[in-house]
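File shown: input-v7.cif. Contents: mmCIF, C-alpha atoms and all ligand atoms.
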```cif
data_start
loop_
_atom_site.label_atom_id
_atom_site.label_comp_id
_atom_site.auth_asym_id
_atom_site.auth_seq_id
_atom_site.Cartn_x
_atom_site.Cartn_y
_atom_site.Cartn_z
CA MET A 8 -4.84 -6.16 22.54
CA ALA A 9 -6.57 -7.32 25.73
CA GLN A 10 -9.26 -8.85 23.54
CA LEU A 11 -6.74 -10.81 21.50
CA GLN A 12 -5.07 -12.02 24.67
CA GLU A 13 -8.43 -13.20 26.01
CA LEU A 14 -9.19 -14.99 22.77
CA PHE A 15 -5.79 -16.66 22.93
CA VAL A 16 -6.51 -17.93 26.45
CA GLN A 17 -9.91 -19.24 25.31
CA ARG A 18 -8.38 -21.09 22.36
CA PHE A 19 -5.27 -22.51 24.02
CA ASP A 20 -6.03 -22.47 27.74
CA ASN A 21 -2.76 -20.67 28.24
CA ALA A 22 -1.53 -17.05 27.99
CA PRO A 23 0.47 -15.77 25.01
CA VAL A 24 4.11 -14.82 25.66
CA GLY A 25 4.21 -12.05 23.10
CA SER A 26 2.39 -10.14 20.43
CA VAL A 27 3.32 -8.59 17.08
CA ILE A 28 1.83 -5.68 15.17
CA SER A 29 2.33 -5.66 11.41
CA PRO A 30 0.82 -2.80 9.36
CA GLY A 31 -0.76 -2.69 5.92
CA ARG A 32 0.65 -0.13 3.50
CA VAL A 33 -0.41 2.55 1.07
CA ASN A 34 1.85 3.75 -1.73
CA LEU A 35 1.80 7.52 -2.26
CA ILE A 36 3.62 7.40 -5.60
CA GLY A 37 5.82 4.99 -7.61
CA GLU A 38 3.60 2.23 -9.00
CA HIS A 39 4.79 -0.82 -10.94
CA THR A 40 8.33 0.47 -10.54
CA ASP A 41 9.51 -1.94 -7.81
CA TYR A 42 10.05 -4.92 -10.09
CA ASN A 43 11.93 -2.59 -12.46
CA ASP A 44 14.52 -1.73 -9.74
CA GLY A 45 12.89 1.71 -9.46
CA PHE A 46 11.64 4.04 -6.72
CA VAL A 47 8.49 3.79 -4.59
CA SER A 48 7.13 6.03 -1.81
CA PRO A 49 4.88 3.99 0.47
CA MET A 50 4.09 4.25 4.17
CA GLY A 51 2.78 1.89 6.85
CA ILE A 52 -0.87 2.59 7.74
CA GLU A 53 -2.86 2.61 10.95
CA ARG A 54 -4.56 -0.62 9.94
CA HIS A 55 -2.69 -3.74 10.90
CA ILE A 56 -2.55 -7.42 11.76
CA GLU A 57 -1.97 -8.20 15.39
CA MET A 58 -0.73 -11.67 16.31
CA ALA A 59 -0.45 -13.07 19.84
CA PHE A 60 1.80 -16.13 20.14
CA ARG A 61 3.39 -18.77 22.32
CA PRO A 62 5.98 -21.44 21.40
CA ARG A 63 4.89 -25.11 21.25
CA GLU A 64 6.90 -28.17 22.07
CA ASP A 65 5.91 -30.06 18.90
CA ARG A 66 6.48 -29.32 15.20
CA ARG A 67 3.15 -27.67 14.46
CA ALA A 68 2.00 -24.09 13.94
CA VAL A 69 -1.61 -23.69 15.12
CA LEU A 70 -3.18 -20.44 13.98
CA TYR A 71 -6.62 -19.03 14.77
CA THR A 72 -8.03 -15.96 13.14
CA GLY A 73 -10.78 -13.74 14.50
CA ALA A 74 -14.01 -15.52 15.31
CA ASP A 75 -13.31 -18.67 13.24
CA PRO A 76 -13.50 -21.57 15.73
CA ASN A 77 -11.35 -23.80 13.51
CA PRO A 78 -7.59 -23.36 13.56
CA PHE A 79 -5.27 -23.64 10.60
CA VAL A 80 -2.76 -26.33 11.56
CA ILE A 81 0.54 -26.44 9.70
CA ASP A 82 3.06 -29.25 10.05
CA ILE A 83 6.22 -27.15 9.96
CA ASP A 84 8.26 -29.95 8.36
CA SER A 85 5.76 -30.74 5.62
CA VAL A 86 6.44 -29.57 2.08
CA ASP A 87 2.88 -30.25 0.87
CA PRO A 88 1.27 -26.86 0.18
CA VAL A 89 -1.84 -26.13 2.25
CA HIS A 90 -4.90 -24.42 0.74
CA GLY A 91 -6.40 -21.08 1.79
CA TRP A 92 -4.75 -18.27 3.76
CA GLY A 93 -2.52 -20.77 5.60
CA ILE A 94 -0.33 -20.81 2.48
CA TYR A 95 1.18 -17.45 3.57
CA PRO A 96 2.36 -18.59 7.02
CA GLN A 97 3.43 -21.91 5.53
CA GLY A 98 5.48 -20.16 2.84
CA VAL A 99 7.32 -18.11 5.48
CA ILE A 100 7.96 -21.17 7.65
CA ARG A 101 9.24 -23.18 4.67
CA HIS A 102 11.56 -20.36 3.62
CA PHE A 103 13.00 -20.06 7.10
CA ALA A 104 13.67 -23.82 7.05
CA GLN A 105 15.06 -23.78 3.52
CA ASP A 106 17.45 -20.92 4.39
CA GLY A 107 18.72 -22.83 7.42
CA LEU A 108 17.05 -20.56 10.00
CA GLU A 109 15.66 -22.22 13.09
CA VAL A 110 11.93 -23.02 13.05
CA ARG A 111 9.79 -24.33 15.86
CA GLY A 112 6.11 -24.89 16.48
CA PHE A 113 3.93 -22.09 17.85
CA ASP A 114 0.35 -21.25 18.77
CA ALA A 115 -1.04 -17.99 17.44
CA VAL A 116 -4.26 -15.98 17.34
CA PHE A 117 -4.47 -13.00 15.05
CA SER A 118 -6.91 -10.32 14.00
CA SER A 119 -6.78 -7.80 11.19
CA THR A 120 -8.12 -4.30 10.65
CA ILE A 121 -6.84 -4.16 7.03
CA PRO A 122 -9.74 -4.48 4.59
CA SER A 123 -8.95 -7.70 2.69
CA GLY A 124 -8.66 -7.63 -1.09
CA SER A 125 -8.32 -3.84 -1.00
CA GLY A 126 -4.73 -3.75 -2.23
CA LEU A 127 -3.49 -2.52 1.15
CA SER A 128 -1.15 -5.51 1.56
CA SER A 129 -2.85 -7.65 4.17
CA SER A 130 -0.89 -10.67 2.89
CA ALA A 131 2.50 -8.96 3.31
CA ALA A 132 1.41 -7.89 6.81
CA LEU A 133 0.52 -11.50 7.64
CA GLU A 134 3.81 -12.83 6.25
CA LEU A 135 5.83 -10.35 8.30
CA ALA A 136 3.77 -11.06 11.43
CA VAL A 137 4.60 -14.75 11.06
CA ALA A 138 8.27 -14.01 10.37
CA ARG A 139 8.45 -11.82 13.51
CA THR A 140 6.68 -14.49 15.56
CA LEU A 141 9.03 -17.25 14.34
CA THR A 142 12.04 -15.07 15.12
CA ALA A 143 10.69 -14.36 18.60
CA VAL A 144 9.92 -17.99 19.49
CA THR A 145 13.36 -19.12 18.29
CA GLU A 146 15.10 -16.07 19.81
CA GLY A 147 16.61 -15.34 16.40
CA GLU A 148 17.90 -12.03 15.00
CA TRP A 149 15.44 -9.59 13.46
CA ASP A 150 16.76 -7.68 10.48
CA ALA A 151 13.71 -5.99 8.93
CA THR A 152 15.02 -5.68 5.35
CA ASP A 153 16.39 -9.21 5.30
CA MET A 154 13.11 -10.59 6.67
CA ALA A 155 11.08 -8.62 4.13
CA LEU A 156 13.12 -10.13 1.29
CA ARG A 157 12.63 -13.63 2.70
CA CYS A 158 8.87 -12.99 2.74
CA VAL A 159 8.99 -11.78 -0.88
CA ARG A 160 10.68 -15.06 -1.86
CA ALA A 161 8.09 -17.01 0.12
CA GLU A 162 5.32 -15.26 -1.79
CA ASN A 163 7.06 -15.65 -5.19
CA GLU A 164 8.11 -19.25 -4.81
CA TRP A 165 5.64 -20.77 -2.36
CA VAL A 166 2.40 -18.85 -2.89
CA GLY A 167 3.19 -18.42 -6.60
CA VAL A 168 2.55 -14.66 -6.80
CA ALA A 169 5.19 -12.75 -8.77
CA CYS A 170 4.98 -9.61 -6.59
CA GLY A 171 7.84 -7.11 -6.34
CA VAL A 172 9.57 -6.07 -3.13
CA MET A 173 7.61 -2.95 -2.14
CA ASP A 174 4.86 -4.38 0.07
CA GLN A 175 7.00 -6.54 2.32
CA LEU A 176 9.79 -3.94 2.53
CA ILE A 177 7.52 -1.15 3.71
CA CYS A 178 5.51 -3.41 5.99
CA ALA A 179 8.77 -4.43 7.72
CA THR A 180 10.64 -1.11 7.73
CA ALA A 181 7.94 1.62 7.88
CA VAL A 182 8.56 4.53 10.24
CA GLU A 183 6.16 6.79 12.09
CA ARG A 184 5.73 10.36 10.80
CA ALA A 185 7.28 9.68 7.37
CA VAL A 186 6.66 8.19 3.98
CA SER A 187 9.64 6.01 2.97
CA ARG A 188 11.22 6.49 -0.41
CA ILE A 189 12.66 3.07 -1.22
CA ASP A 190 15.23 2.48 -3.91
CA CYS A 191 14.27 -1.00 -5.08
CA ALA A 192 17.69 -1.50 -6.70
CA ASP A 193 19.47 -1.69 -3.33
CA TYR A 194 16.54 -1.60 -0.83
CA SER A 195 17.81 1.57 0.83
CA THR A 196 15.12 3.78 2.34
CA TYR A 197 14.94 7.52 2.82
CA PRO A 198 12.30 9.17 5.02
CA VAL A 199 10.11 11.88 3.44
CA GLU A 200 8.53 13.65 6.43
CA LEU A 201 4.79 14.34 6.34
CA PRO A 202 4.49 17.44 8.51
CA GLY A 203 1.23 18.84 9.88
CA GLY A 204 -1.07 20.55 7.40
CA VAL A 205 -1.51 17.58 5.12
CA VAL A 206 -3.37 14.30 5.61
CA VAL A 207 -3.40 11.01 3.72
CA LEU A 208 -6.83 9.58 2.94
CA ILE A 209 -7.05 5.98 1.76
CA LEU A 210 -10.02 5.69 -0.59
CA HIS A 211 -11.07 2.04 -0.77
CA SER A 212 -13.40 1.74 -3.75
CA GLY A 213 -15.20 -1.30 -2.31
CA THR A 214 -14.15 -3.39 -5.31
CA LYS A 215 -11.70 -6.31 -5.25
CA ARG A 216 -9.45 -8.07 -7.64
CA GLY A 217 -6.89 -10.74 -6.77
CA LEU A 218 -3.20 -10.28 -7.47
CA VAL A 219 -2.61 -13.84 -8.70
CA ASP A 220 -3.33 -12.47 -12.01
CA SER A 221 -2.16 -12.81 -15.55
CA GLU A 222 -2.31 -9.04 -16.10
CA TYR A 223 0.33 -8.36 -13.43
CA ASN A 224 2.62 -11.04 -14.81
CA GLU A 225 2.11 -9.73 -18.33
CA ARG A 226 3.15 -6.21 -17.23
CA ARG A 227 6.27 -7.61 -15.62
CA SER A 228 7.32 -9.59 -18.65
CA THR A 229 6.62 -6.71 -21.05
CA CYS A 230 8.85 -4.46 -18.90
CA GLU A 231 11.58 -7.12 -18.98
CA ARG A 232 11.27 -7.43 -22.72
CA ALA A 233 11.52 -3.62 -23.12
CA SER A 234 14.66 -3.52 -20.96
CA VAL A 235 16.30 -6.29 -23.02
CA GLU A 236 15.48 -4.43 -26.23
CA LEU A 237 16.89 -1.21 -24.78
CA GLY A 238 20.05 -3.03 -23.67
CA VAL A 239 19.70 -2.16 -19.97
CA LYS A 240 19.61 -4.42 -16.90
CA SER A 241 16.18 -3.08 -15.98
CA LEU A 242 13.97 -0.11 -16.88
CA ARG A 243 15.46 1.79 -13.94
CA TYR A 244 18.48 2.41 -16.16
CA ALA A 245 16.53 3.46 -19.27
CA THR A 246 15.86 7.08 -20.29
CA MET A 247 13.20 8.70 -22.48
CA ASP A 248 15.89 9.51 -25.05
CA MET A 249 16.89 5.85 -25.25
CA LEU A 250 13.25 4.90 -25.66
CA ASP A 251 12.66 7.53 -28.36
CA ALA A 252 15.69 6.34 -30.32
CA SER A 253 14.73 2.66 -30.08
CA GLY A 254 12.58 0.42 -32.24
CA VAL A 255 10.57 -0.91 -29.27
CA ASP A 256 6.97 -1.73 -30.30
CA ASP A 257 4.07 0.47 -29.25
CA LEU A 258 2.83 -1.65 -26.33
CA ALA A 259 6.24 -2.09 -24.70
CA ARG A 260 7.01 1.57 -25.42
CA ARG A 261 3.96 2.75 -23.46
CA ARG A 262 4.73 0.39 -20.56
CA ALA A 263 8.34 1.60 -20.47
CA ARG A 264 7.26 5.25 -20.75
CA HIS A 265 5.18 4.80 -17.61
CA VAL A 266 8.03 3.28 -15.62
CA ILE A 267 10.66 5.84 -16.72
CA SER A 268 8.36 8.82 -16.07
CA GLU A 269 7.08 7.35 -12.78
CA ASN A 270 10.59 7.05 -11.38
CA ASP A 271 11.13 10.76 -12.14
CA ARG A 272 7.81 11.59 -10.49
CA VAL A 273 8.77 9.78 -7.29
CA LEU A 274 11.93 11.86 -6.96
CA ALA A 275 10.07 15.07 -7.82
CA TRP A 276 7.34 14.18 -5.30
CA GLY A 277 9.98 13.84 -2.58
CA ARG A 278 11.36 17.30 -3.43
CA ALA A 279 7.88 18.83 -3.45
CA ALA A 280 7.01 17.24 -0.10
CA ALA A 281 10.30 18.39 1.44
CA SER A 282 9.51 21.98 0.51
CA GLY A 283 5.86 21.71 1.55
CA ASP A 284 4.66 22.27 -2.02
CA TRP A 285 1.56 20.11 -1.72
CA SER A 286 -0.10 21.36 -4.87
CA GLU A 287 2.95 20.16 -6.85
CA ALA A 288 2.97 16.85 -4.95
CA GLY A 289 -0.73 16.47 -5.76
CA ARG A 290 -0.20 17.31 -9.43
CA LEU A 291 2.46 14.58 -9.65
CA MET A 292 0.03 12.06 -8.11
CA VAL A 293 -2.59 12.90 -10.73
CA ALA A 294 0.02 12.56 -13.49
CA SER A 295 0.93 9.15 -12.02
CA HIS A 296 -2.70 8.05 -12.17
CA GLU A 297 -3.05 9.18 -15.76
CA SER A 298 0.12 7.35 -16.78
CA LEU A 299 -1.08 4.16 -15.03
CA ARG A 300 -4.46 4.51 -16.72
CA ASP A 301 -3.33 5.40 -20.25
CA ASP A 302 0.17 3.94 -20.70
CA PHE A 303 0.36 1.08 -18.21
CA GLU A 304 -3.38 0.30 -18.45
CA VAL A 305 -3.86 -0.96 -14.90
CA SER A 306 -6.64 1.35 -13.73
CA GLY A 307 -10.26 0.25 -13.61
CA PRO A 308 -13.69 1.91 -13.69
CA ALA A 309 -14.09 2.13 -9.92
CA LEU A 310 -10.60 3.61 -9.48
CA ASP A 311 -11.12 6.20 -12.23
CA VAL A 312 -14.44 7.26 -10.70
CA MET A 313 -12.88 7.48 -7.24
CA VAL A 314 -10.02 9.69 -8.43
CA ASP A 315 -12.37 11.83 -10.47
CA VAL A 316 -14.69 12.30 -7.49
CA ALA A 317 -11.82 13.10 -5.11
CA LEU A 318 -10.26 15.71 -7.40
CA ASP A 319 -13.51 17.68 -7.38
CA VAL A 320 -13.47 18.07 -3.59
CA GLU A 321 -12.19 21.14 -1.78
CA GLY A 322 -8.81 20.62 -0.10
CA VAL A 323 -7.74 17.60 -2.17
CA HIS A 324 -4.25 18.24 -3.56
CA GLY A 325 -4.10 15.05 -5.61
CA ALA A 326 -5.33 11.46 -5.87
CA ARG A 327 -4.32 8.29 -7.67
CA LEU A 328 -4.80 4.55 -7.65
CA THR A 329 -2.47 2.72 -5.26
CA GLY A 330 -1.08 -0.82 -5.42
CA ALA A 331 -1.37 -3.17 -8.37
CA GLY A 332 -4.49 -1.46 -9.75
CA PHE A 333 -7.61 -2.69 -11.58
CA ALA A 334 -9.69 -2.46 -8.38
CA GLY A 335 -9.17 -1.86 -4.67
CA ALA A 336 -7.89 1.39 -3.24
CA CYS A 337 -6.86 4.91 -4.23
CA VAL A 338 -4.96 7.42 -2.13
CA ALA A 339 -5.42 11.17 -1.77
CA LEU A 340 -3.38 13.95 -0.22
CA VAL A 341 -5.66 16.44 1.49
CA ALA A 342 -5.23 19.75 3.33
CA GLU A 343 -5.68 18.98 7.02
CA GLU A 344 -8.34 21.61 7.66
CA HIS A 345 -10.55 20.14 4.94
CA ALA A 346 -9.89 16.44 5.64
CA ASP A 347 -13.05 15.49 7.59
CA LYS A 348 -15.40 17.24 5.22
CA ALA A 349 -13.48 15.92 2.19
CA ALA A 350 -13.80 12.33 3.45
CA ALA A 351 -17.57 12.65 3.87
CA THR A 352 -18.02 14.38 0.51
CA ILE A 353 -15.94 11.79 -1.38
CA ASP A 354 -17.87 8.95 0.29
CA ALA A 355 -21.24 10.39 -0.70
CA ALA A 356 -20.26 11.42 -4.23
CA TYR A 357 -18.66 8.03 -4.99
CA ARG A 358 -21.79 6.15 -3.85
CA GLN A 359 -23.83 8.26 -6.23
CA ARG A 360 -21.61 7.52 -9.18
CA TYR A 361 -20.54 3.91 -8.60
CA ASP A 362 -22.39 0.85 -7.40
CA ALA A 363 -20.09 -0.16 -4.53
CA VAL A 364 -19.65 0.76 -0.87
CA PRO A 365 -16.45 2.77 -0.34
CA GLN A 366 -14.41 3.04 2.83
CA ILE A 367 -12.54 6.27 3.44
CA ILE A 368 -9.68 5.72 5.89
CA PRO A 369 -7.54 8.61 7.16
CA SER A 370 -4.10 7.42 8.21
CA ARG A 371 -0.88 8.81 9.51
CA PRO A 372 2.32 6.90 8.72
CA ALA A 373 2.57 3.92 11.08
CA LYS A 374 5.51 1.90 12.37
CA GLY A 375 6.58 -1.31 10.60
CA THR A 376 6.32 -4.87 12.00
CA HIS A 377 7.27 -4.86 15.69
CA LEU A 378 6.82 -6.72 18.94
CA VAL A 379 4.39 -5.13 21.35
CA ASP A 380 6.04 -4.69 24.68
CA PRO A 381 4.85 -5.56 27.25
CA ILE A 382 2.01 -7.73 26.01
C1 LIG A 401 1.48 -5.01 -5.91
C2 LIG A 401 2.79 -5.77 -5.75
C3 LIG A 401 3.94 -4.78 -5.54
C4 LIG A 401 3.95 -3.69 -6.61
C5 LIG A 401 2.57 -3.09 -6.80
C6 LIG A 401 2.51 -2.13 -7.95
O1 LIG A 401 1.14 -4.36 -4.73
O2 LIG A 401 2.73 -6.65 -4.66
O3 LIG A 401 5.17 -5.47 -5.50
O4 LIG A 401 4.45 -4.20 -7.83
O5 LIG A 401 1.58 -4.09 -6.98
O6 LIG A 401 3.29 -1.02 -7.70
#
```

Starting from the file, give its structure as structure tokens.
Ligand code: GLA
Amino acid sequence: MAQLQELFVQRFDNAPVGSVISPGRVNLIGEHTDYNDGFVSPMGIERHIEMAFRPREDRRAVLYTGADPNPFVIDIDSVDPVHGWGIYPQGVIRHFAQDGLEVRGFDAVFSSTIPSGSGLSSSAALELAVARTLTAVTEGEWDATDMALRCVRAENEWVGVACGVMDQLICATAVERAVSRIDCADYSTYPVELPGGVVVLILHSGTKRGLVDSEYNERRSTCERASVELGVKSLRYATMDMLDASGVDDLARRRARHVISENDRVLAWGRAAASGDWSEAGRLMVASHESLRDDFEVSGPALDVMVDVALDVEGVHGARLTGAGFAGACVALVAEEHADKAAATIDAAYRQRYDAVPQIIPSRPAKGTHLVDPI
């Protein structure tokens, strides 16, 4: 933090008045269910964006990141989309303005410890950091769920990515010591404690694939089509019996089968975790990966190798891809006493089998977007 403050003084010749921390996220189970009004079980991670800020007297947002000597300057009243990462802050600013919330200019410097393009939600973390900063400089009210949903709309409508609600919701509302089970039909959250004895390892495969992607949109529209054919508002309200009795075509049937079974797995995972049955929780994670690979078809070669490698290692209860899929990160649940050795073994074995440089990141659940006090 001291470093960020120093950088801020160098850039603006003035001290910041505040600072925000906004975490990335990893989803333990419940993939491609959020845009079907289903259940997800993510947590905030100990990798985050930190943003130091100060209000300005004019109508500009001036943002510096890391070592880049050139700022991104956004005219907060302009509706011309900017190019590059500035589109995320601009989208949040525009949505505040559009919704009648106060906006004002600010200076900011931020840094990130979330590997970019890894599927660990660095863009949601940035959006929420900007939303928290704007709220602080205008002395507005901070309602984490409401702000997350504004950021989702900013990403859908301004950035043009048809993401669901999971990333922004967990980034804003994550709690320490627990995974959050979120019901994406009403945005309610329920903490699933992660007691001692078990550790989450994030297994970044060292491969990237953008989300602005026709595959993601295709999955969404196939799910919508399946729900229309089944006569339900969304796949959340469909059952396997309904699917079996329907005339839904093979592709939509497999997509729907994933979503319906995944929702059941999320609830079962919560029960297993609550009773400390980690081998059952791990088994459900493996079943989730297989369903994503075979029925939803969103895995990729690096992710399959990573899961395969992890499942061979002593102490690993289960592993699966996390996030949108295709590339990026997996997640594993590991017995605490084996965690260090497991991380090293997975790293080495993956390098032998796949031509990419992995990053194994242990993480406890971390707190959602918050002001750091005192700066
Ligand atoms: C991405 C999206 C989320 C969610 C996941 C898949 O991370 O941003 O809304 O749909 O993919 O579970």

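From CA of Ser295 in chain A back to CA of His265 in chain A, the distance works out to 8.3 Å.
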
Let me have all residues with an atom within 8 Å of ligand LIG 401 (chain A), counting only C-alpha atoms and all ligand atoms, laid out as an NGL selection string.
-> :A and (34 or 37-42 or 47 or 126-128 or 169-174 or 218 or 223 or 329-332)

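Of the listed residues A:Ser29, A:Thr140, A:Thr229, A:Thr214, the one whose atoms come nearest to Met313 in chain A is A:Thr214, with distances taken using only C-alpha atoms.
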
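Take CA of Glu287 in chain A and CA of Gly203 in chain A: the distance between them is 16.9 Å.
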
Using only C-alpha atoms, which residues sit within 10 Å of Ala342 in chain A once same-chain residues fewer than 6 positions away are excluded, as a PyMOL selection string?
-> chain A and resi 203-207+285-286+321-324+349

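Interatomic distance, CA of Val27 in chain A to CA of Ala138 in chain A: 9.9 Å.
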
Best match for closeness to Lys374 in chain A among A:Arg32, A:Ala181, A:Glu64, A:Ala104, counting all atoms listed in the file = A:Ala181

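Residues with at least one atom no more than 10 Å from (15.7, 3.6, -21.0), using all atoms listed in the file, are Ala233, Ser234, Glu236, Leu237, Gly238, Val239, Lys240, Ser241, Leu242, Arg243, Tyr244, Ala245, Thr246, Met247, Asp248, Met249, Leu250, Asp251, Ala252, Ser253, Arg260, Ala263, Arg264, Val266 and Ile267 of chain A.
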
Find the residues around Pro372 in chain A up to 12 Å (all atoms listed in the file counted), leave out those fewer than 4 positions away in its own chain, and share them as a PyMOL selection string.
-> chain A and resi 30-35+48-55+177-178+180-187+198-202+205-209

Which one of A:Ala74, A:Glu57, A:Ala68, A:Gln105 sits closest to Leu14 in chain A if you count all atoms listed in the file?
-> A:Ala74

List every protein, DNA or RNA residue that has at least one atom no more than 10 Å from (9.8, -12.1, -4.4) in the file's coordinates, counting only C-alpha atoms, and write the result as a count of residues only.
-> 20

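Among A:Val166, A:Leu176, A:Phe19, A:Glu297, the residue with the shortest atom-to-atom distance to Val89 in chain A, counting all atoms listed in the file, is A:Val166.
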
Test item: residues at most 12 Å from Asp311 in chain A, all atoms listed in the file, excluding those fewer than 6 positions along its chain, as a count of residues only = 26

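Of the listed residues A:Val99, A:Ala179, A:Ile81, A:Ile56, the one whose atoms come nearest to Gly375 in chain A is A:Ala179, with distances taken using only C-alpha atoms.
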
Exercise: Asp20 in chain A partners within 12 Å, all atoms listed in the file, chain neighbours under 5 positions left out, as a PDB file with C-alpha atoms, in the coordinates of the input:
```pdb
ATOM      1  CA  GLN A  12      -5.070 -12.020  24.670  1.00  0.00           C
ATOM      2  CA  GLU A  13      -8.430 -13.200  26.010  1.00  0.00           C
ATOM      3  CA  LEU A  14      -9.190 -14.990  22.770  1.00  0.00           C
ATOM      4  CA  PHE A  15      -5.790 -16.660  22.930  1.00  0.00           C
ATOM      5  CA  ARG A  61       3.390 -18.770  22.320  1.00  0.00           C
ATOM      6  CA  ASP A 114       0.350 -21.250  18.770  1.00  0.00           C
TER       7      ASP A 114
END
```

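The shortest atom-to-atom distance to Ala288 in chain A, with all atoms listed in the file taken into account, belongs to A:Gly325 out of A:Val116, A:Arg262, A:Gly325, A:Trp92.
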